[in-house]
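All remarks here apply to the structure that follows.
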Amino acid sequence: MAEAADLQGIDPSPARRRLRRVAAVGAAVPLLAGLVQLPLPPAAAATAPTSASATPTTAAAETLTVAVSLDTLSPSAPVKGDNLTLSGTVTNGGKETVSQAQIDVRLGARLSSRGAIEDAARRAGFSQGRDGRPLGDAHLVRLPEIPSGTSREFTLTVPVDKLGLDDPGVYQVGVSLSGRTPSEPYDQVLGIDRTFLPWQPTAAKSRTQISVLWPLISSPRLSAETGSDNQQTPVFESDGLAAELAPGGRLERMVALGAELPVTWVIDPDLLATAEAMTSEYRVRNEDTTVAGRNQAVAKRWLNSLGEAVRGDKVIALPYGDPDLASLAHRGRRVSGSLSHLRPATELAESTVETILHVKPSVEYAWPANGAVDPSIVDVATSAGADRVITRSDSMRERLSYTPNAARPIGGGTTAVVSDALLSTAFEGDMSRAGDSTTAIQRFLAHTLTVTHERPDTGRSIVVAPQRMPTASQAESLASALRILGSERWSQFSDLITATTAKPDPRATTSVPSAGKYPKALSRRELPEAVFRQMRNTRDSLENFQVILTAAYRVVTPFGNAIKREMSTSWRGRPEQAVEYGRGVQAHLESLTDEVKLIEKTDLTLSGRSATIPVTVQNKLVQGVEHLVLRLRSTKPTRLKLNGGETVAELPVRIEGGHSQSVKFTASANANGPVPVEAQLYTEDGRRYGAAMTFTVKVSEITSTVMLVIAGGVLLLVLAGVRMYSQRKRAAARRDDADTTEEAGPAQPVAGSAAPVQPSDPATDTGPQSTDPSGPGEKVEH
C-alpha cells in the first residue's frame with residue numbers, strides 16, 4: 001500500500017502513515033455476514049462494518065489497502081443547527097480493484113482528557129469499538145470502482161444534530177472506506193482517517209486566555225562588508241531575503257496574517273535592519289564580486305505593511321541577531337568574552353525596533369531554542385538583561401493532571417513563561433497538504449477546548465510559542481485555527497505581557513531542570529565552540545583597529561552587528577555555514593586593517609656618523625587614522641643608535657585617508673657594518689598593529705684624513721673654476737674693445753700733430769727702399 005501511494009505522488013496523512021506501521025499478525029476470514037467480530041492482538045487493526053444494514057467482517061490490518069485523507073471539515077467547531085461537511089480523497093494502494101465502495105461517517109466516544117486526545121492521534125488501524133458505527137445509509141457516499149493506483153474524491157454532508165453529540169467536549173470523528181475486492185468479495189473496511197471535533201455549542205462558564213507569539217525571524221543575510229564609498233553601501237551574502245518579503249513569501253504572509261490576528265509580535269531586530277538596508281542602494285555578493293541589488297520596492301512595501309500591522313499590538317524585541325542562548329551557555333562560556341555581546345545586543349534591539357517601526361518594544365524576554373532550559377541557560381538569559389524566560393512545558397516537565405497558568409517564578413526574580421508544548425508544536429509538520437493541515441487545526445482546537453474543561457470553574461492563561469521560522473503554510477494553518485477560536489466560545493485572546501502577570505498556579509512546577517535533562521537532540525544542534533573562538537578573534541581585531549580610526553563608527557557598527565549575527569539561533573544544525581560566515585567577517589576585517597601598513601623598504605647605506613632614516617606608512621582607507629606610533633628598533637645599538645642615542649625610537653603617526661606619510665628618524669653610527677633595523681606600528685595603548693618590517697642599514701664610517709683629501713680636492717676645483725671665470729671675462733672684454741675700434745673707422749689727423757705714415761705701394765713707390773735684410777713680410781716679435 002505504501003509503495004503504491006508513493007508511486008501516485010501522494011504524501012500520506014499522519015493517519016495513513018500510522019496505518020502503514022501496523023503489523024499484520026494474521027487474518028480472521030469471516031464466512032458469513034453478521035459473524036461476531038473476532039479479537040485481534042493489540043498490534044493488529046481490525047476492520048469494521050461499512051453500513052448499518054450490513055455488518056462487514058473483520059480483517060487483518062494488511063487488508064487496509066486504501067489511503068483515506070480527510071482534507072476539509074467545515075465548520076471546524078460546529079454548533080446546533082449546523083451541517084457538517086467532510087471532503088477528501090481515497091487512493092487505492094492495493095493490487096486489486098475495489099468495488100461497491102462507500103464512504104461512511106463514524107463518531108467515536110467523547111475524549112475526556114488531553115492525554116486521551118494524544119492517544120487517539122497515535123492510534124492506527126480500525127476498531128469498531130473506538131471508531132463507532134457508521135451513521136447509516138442516509139449519510140454515506142457511494143463511489144464507483146477504484147482500480148489499483150487510482151484516487152477518488154468524496155464530499156458528504158451530515159446535520160450536526162444527527163451525530164448524536166451530547167455533552168460539550170472533544171469527539172473523534174472519522175471517515176472510513178469500505179468495499180470488496182476479487183479475492184475478498186465481502187464488505188470490509190479498507191481504510192479510515194480520523195480527526196477531532198470540538199463540541200461547545202454555547203459559551204463556556206469560564207474561558208481560557210490564550211496568548212500567541214507571532215515570530216518574525218530569519219537567517220542572517222547582511223555581511224560586515226560595506227562599499228568603499230562614503231555612503232557605506234551594504235553588501236548582502238545573498239538576496240534570498242527578497243523571496244521571503246515578496247508577495248506570497250514566508251515573511252510577507254506572516255505580516256499579512258498577523259495583521260488580522262490578536263497576536264504578540266516577537267521580532268529579531270536584525271531582520272528589520274536588514275530589510276531597512278534593502279530599501280536603498282545595496283550590493284549582493286556574487287562569487288568574487290558584487291552586483292547591484294534590485295529589490296528595494298519589495299523591502300519598502302514589507303516594512304510599511306509591518307509598521308501598520310503592529311500598530312496597537314504588543315511587540316517583543318529579542319536581542320539583536322537572536323543569539324542562541326543554549327549554545328552560549330553550554331559552549332560559548334568556555335571562550336572568554338562571549339557573553340559580553342548579550343547586553344549590547346539587548347540595548348541595540350530596543351533602539352532598532354523603535355527607530356524603524358516607531359513602537360517601543362519590550363526587551364525583558366529571552367527565548368531559548370525550543371523553549372528548553374537548564375540553570376546555565378537561565379543565567380545567560382538574565383545576563384542579557386532579561387528577567388522573563390519563555391520556556392516550554394515539555395522542558396519544565398509539568399506533572400499536573402490539568403494545565404496550569406503559563407507564568408511562574410523560578411527564583412532570582414526571574415519569571416518563567418511556560419508555553420504549552422502540544423499547542424506550540426501542533427503545526428510543525430508539512431502543512432502544505434490540506435489533509436495534514438486539517439488534522440493539525442482540529443487537534444489544536446481540541447486541546448484548547450479540553451484545557452477549558454479541565455477546570456471549568458477556574459480560568460487559565462496559556463501561551464502558544466510556535467516554531468521560530470514557520471513556513472507560509474504552517475503560518476496559514478495556525479492562523480486558521482486562531483480565527484476559529486475568535487468565536488470566544490471557550491477561549492479568548494490575550495497578549496504575552498498580560499499572561500506574564502497572571503497569578504501563578506501554586507502547584508505548577510517552579511524548578512528549572514538540571515543540565516543533564518537538556519535534550520540530547522537539541523544539544524547536538526548547538527553552535528560549535530569554533531564559532532565563539534572566531535567571534536573572540538574578530539572582536540579583538542576590531543578593538544585594536546577602531547582606536548586608530550577618525551570615524552570609527554563606520555567600521556564598529558557593521559562589524560559589531562556581524563559579530564552578533566555569528567551566534568544567531570538560526571545557525572542551529574548548520575555548523576559549517578556558521579563557521580564560514582564568521583570566517584568571512586574576520587577576513588574582511590583583516591583586509592581593512594591591511595590598508596594601513598608600512599611600505600617595504602630596501603636596505604640603506606649610512607655614510608658618516610649621523611643621517612636620517614625615512615620610513616613610509618600608507619593609509620588606503622577612505623578615512624584618516626590617528627593614535628598610531630611608529631617604533632624603530634636598532635638590533636645592534638653599539639653600532640647604530642636612533643634619535644640621539646636610543647636603541648628604540650618612536651614617533652606619532654597621523655595620516656589622512658588615501659595618503660602616505662614618511663616618518664623620519666635620526667641615526668648616529670659608532671662603527672662600520674650592517675645593522676638590521678625593525679619597524680613596527682603600535683596603537684597608543686601599546687598593542688601591535690600590523691606586521692613588522694625589517695631592513696638593513698649599512699654603516700660606512702669616514703676618517704678625518706679622507707675628509708681633508710676630499711676638502712682639498714673641492715678647494716682646487718673651486719679655484720680652477722674662479723680662474724677660468726676670470727680668463728673668460730678678460731677675453732670677453734678684449735673682444736668688446738676690438739669691436740668698438742672697428743666701428744669707429746680710420747683716425748683723422750689732428751692739428752699740430754704729425755701726419756700718419758701711409759703704406760706705400762711697391763709698384764709705384766719711388767721713395768727710399770727698406771734696408772731691413774729680412775725683406776718685406778710679417779714681423780716677428782721676440
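Chain lettering (A, B, ...) mirrors the order of the C-alpha cells, residue numbering begins at 1 for each chain separately, and ligand numbering begins at 1 in order of display.
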Exercise for the section: Enumerate the residues of range 76-298 of chain A with a DSSP assignment of strand (DSSP E), computed from the backbone, and present them as a ChimeraX atom specification. Expected result: /A:83-92,99-111,140-143,151-159,169-181,184-199,208-216,222-226,234-236,264-267,283-286,289-292
Problem - All residues 8 Å or closer to Pro409 in chain A, only C-alpha atoms, same chain fewer than 3 positions away omitted, as a PyMOL selection string - result: chain A and resi 413-416+504+510
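Checking A:Ser183, A:Thr452, A:Gln128, A:Gln492 one by one against Val263 in chain A, counting only C-alpha atoms, you find the shortest gap at A:Gln492.
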Exercise for the section: Could you check how far CA of Ser178 in chain A sits from CA of Val158 in chain A, in Å to one decimal? Expected result: 18.4 Å
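Computed from the coordinates, the CA of Phe559 in chain A to CA of Ala224 in chain A distance equals 5.1 Å.
Residue nearest Pro319 in chain A, chosen from A:Leu107, A:Val648, A:Met567, A:Met535 and counting only C-alpha atoms: A:Met567.
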Practice task
Extract, using only C-alpha atoms, all DNA, RNA and protein residues at most 10 Å from Pro185 in chain A, discarding same-chain residues fewer than 4 positions from it, and format them as an MDAnalysis selection string.
Solution key: chainID A and resid 98:100 179:181
Limited to N, CA, C and O atoms, could you put the picked residues into a file as a JSON list (two decimals), in the first residue's frame?
```json
[["chain", "number", "residue", "atom", "x", "y", "z"],
["A", 98, "VAL", "N", -11.19, -2.11, -6.11],
["A", 98, "VAL", "CA", -12.18, -2.07, -5.03],
["A", 98, "VAL", "C", -13.54, -1.76, -5.66],
["A", 98, "VAL", "O", -13.70, -0.76, -6.37],
["A", 99, "SER", "N", -14.51, -2.62, -5.36],
["A", 99, "SER", "CA", -15.87, -2.41, -5.88],
["A", 99, "SER", "C", -16.83, -2.19, -4.72],
["A", 99, "SER", "O", -16.49, -2.44, -3.56],
["A", 100, "GLN", "N", -18.02, -1.69, -5.06],
["A", 100, "GLN", "CA", -19.06, -1.40, -4.07],
["A", 100, "GLN", "C", -18.50, -0.56, -2.91],
["A", 100, "GLN", "O", -18.80, -0.79, -1.75],
["A", 179, "GLY", "N", -15.54, -1.69, 1.18],
["A", 179, "GLY", "CA", -15.78, -2.21, -0.16],
["A", 179, "GLY", "C", -15.36, -3.65, -0.27],
["A", 179, "GLY", "O", -15.08, -4.32, 0.74],
["A", 180, "ARG", "N", -15.29, -4.13, -1.52],
["A", 180, "ARG", "CA", -14.96, -5.53, -1.78],
["A", 180, "ARG", "C", -13.85, -5.60, -2.82],
["A", 180, "ARG", "O", -13.66, -4.68, -3.62],
["A", 181, "THR", "N", -13.13, -6.70, -2.78],
["A", 181, "THR", "CA", -12.09, -6.97, -3.78],
["A", 181, "THR", "C", -12.33, -8.36, -4.35],
["A", 181, "THR", "O", -13.04, -9.18, -3.74]]
```
Exercise for the section: Can you list, as a VMD selection string, all residues belonging to range 430-594 of chain A that DSSP tags as alpha helix (DSSP H)? Expected result: chain A and resid 434 to 454 472 to 485 496 to 500 520 to 524 529 to 546 553 to 566 575 to 593
Tell me which protein, DNA and RNA residues are within 6 Å of range 386-400 of chain A, counting only C-alpha atoms, leaving out same-chain ones fewer than 6 positions away, and put them as a PDB file with N, CA, C and O atoms, in the first residue's frame.
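What landed in result_31.pdb:
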```pdb
ATOM      1  N   GLU A 364      12.465  42.590  27.819  1.00  0.00           N
ATOM      2  CA  GLU A 364      12.681  41.833  29.057  1.00  0.00           C
ATOM      3  C   GLU A 364      12.568  40.329  28.860  1.00  0.00           C
ATOM      4  O   GLU A 364      12.708  39.565  29.823  1.00  0.00           O
ATOM      5  N   TYR A 365      12.325  39.875  27.614  1.00  0.00           N
ATOM      6  CA  TYR A 365      12.082  38.450  27.393  1.00  0.00           C
ATOM      7  C   TYR A 365      13.267  37.789  26.698  1.00  0.00           C
ATOM      8  O   TYR A 365      13.888  38.369  25.801  1.00  0.00           O
ATOM      9  N   ALA A 366      13.561  36.574  27.123  1.00  0.00           N
ATOM     10  CA  ALA A 366      14.541  35.719  26.448  1.00  0.00           C
ATOM     11  C   ALA A 366      13.810  34.474  25.966  1.00  0.00           C
ATOM     12  O   ALA A 366      12.918  33.965  26.657  1.00  0.00           O
ATOM     13  N   TRP A 367      14.213  33.968  24.791  1.00  0.00           N
ATOM     14  CA  TRP A 367      13.516  32.819  24.210  1.00  0.00           C
ATOM     15  C   TRP A 367      14.544  31.798  23.744  1.00  0.00           C
ATOM     16  O   TRP A 367      14.995  31.834  22.603  1.00  0.00           O
ATOM     17  N   GLY A 371      12.350  26.435  23.591  1.00  0.00           N
ATOM     18  CA  GLY A 371      11.900  26.633  24.960  1.00  0.00           C
ATOM     19  C   GLY A 371      12.574  25.726  25.963  1.00  0.00           C
ATOM     20  O   GLY A 371      12.092  25.600  27.099  1.00  0.00           O
ATOM     21  N   ALA A 372      13.693  25.108  25.598  1.00  0.00           N
ATOM     22  CA  ALA A 372      14.391  24.185  26.506  1.00  0.00           C
ATOM     23  C   ALA A 372      15.350  24.970  27.397  1.00  0.00           C
ATOM     24  O   ALA A 372      16.127  25.790  26.902  1.00  0.00           O
ATOM     25  N   THR A 414      13.312  35.996  38.548  1.00  0.00           N
ATOM     26  CA  THR A 414      13.053  35.627  37.154  1.00  0.00           C
ATOM     27  C   THR A 414      11.728  34.891  37.038  1.00  0.00           C
ATOM     28  O   THR A 414      11.407  34.034  37.862  1.00  0.00           O
ATOM     29  N   THR A 415      10.979  35.240  36.005  1.00  0.00           N
ATOM     30  CA  THR A 415       9.696  34.591  35.738  1.00  0.00           C
ATOM     31  C   THR A 415       9.829  33.701  34.515  1.00  0.00           C
ATOM     32  O   THR A 415      10.317  34.143  33.468  1.00  0.00           O
ATOM     33  N   ALA A 416       9.407  32.457  34.658  1.00  0.00           N
ATOM     34  CA  ALA A 416       9.334  31.558  33.504  1.00  0.00           C
ATOM     35  C   ALA A 416       7.942  31.655  32.909  1.00  0.00           C
ATOM     36  O   ALA A 416       6.941  31.530  33.621  1.00  0.00           O
ATOM     37  N   VAL A 417       7.874  31.905  31.611  1.00  0.00           N
ATOM     38  CA  VAL A 417       6.607  31.901  30.893  1.00  0.00           C
ATOM     39  C   VAL A 417       6.577  30.599  30.109  1.00  0.00           C
ATOM     40  O   VAL A 417       7.230  30.461  29.075  1.00  0.00           O
ATOM     41  N   VAL A 418       5.824  29.619  30.634  1.00  0.00           N
ATOM     42  CA  VAL A 418       5.882  28.251  30.114  1.00  0.00           C
ATOM     43  C   VAL A 418       4.823  28.078  29.029  1.00  0.00           C
ATOM     44  O   VAL A 418       3.625  27.999  29.319  1.00  0.00           O
ATOM     45  N   SER A 419       5.266  28.024  27.791  1.00  0.00           N
ATOM     46  CA  SER A 419       4.327  27.809  26.692  1.00  0.00           C
ATOM     47  C   SER A 419       3.871  26.359  26.673  1.00  0.00           C
ATOM     48  O   SER A 419       4.566  25.458  27.157  1.00  0.00           O
ATOM     49  N   ASP A 420       2.706  26.127  26.109  1.00  0.00           N
ATOM     50  CA  ASP A 420       2.135  24.788  26.042  1.00  0.00           C
ATOM     51  C   ASP A 420       2.794  24.017  24.903  1.00  0.00           C
ATOM     52  O   ASP A 420       2.738  24.419  23.741  1.00  0.00           O
ATOM     53  N   ALA A 421       3.420  22.891  25.228  1.00  0.00           N
ATOM     54  CA  ALA A 421       4.204  22.153  24.237  1.00  0.00           C
ATOM     55  C   ALA A 421       3.334  21.594  23.110  1.00  0.00           C
ATOM     56  O   ALA A 421       3.699  21.676  21.930  1.00  0.00           O
TER      57      ALA A 421
END
```
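All residues of protein, DNA or RNA that reach within 7 Å of range 485-489 of chain A, judged by only C-alpha atoms and not counting those fewer than 4 positions away in the chain, are A:Gln200, A:Thr202, A:Ala203, A:Ala204, A:Ala481.
Each of A:Ser112, A:Ser511, A:Thr635, A:Gln661 was checked against Gly411 in chain A using only C-alpha atoms; the smallest atom-to-atom distance is that of A:Ser511.
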Exercise for the section: Please provide the set of residues having any atom within 9 Å of Pro75 in chain A, restricted to only C-alpha atoms, with same-chain residues fewer than 3 positions apart removed, written as a PyMOL selection string. Expected result: chain A and resi 78-79+82-85
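The coordinates place CA of Asn544 in chain A at 19.5 Å from CA of Thr226 in chain A.
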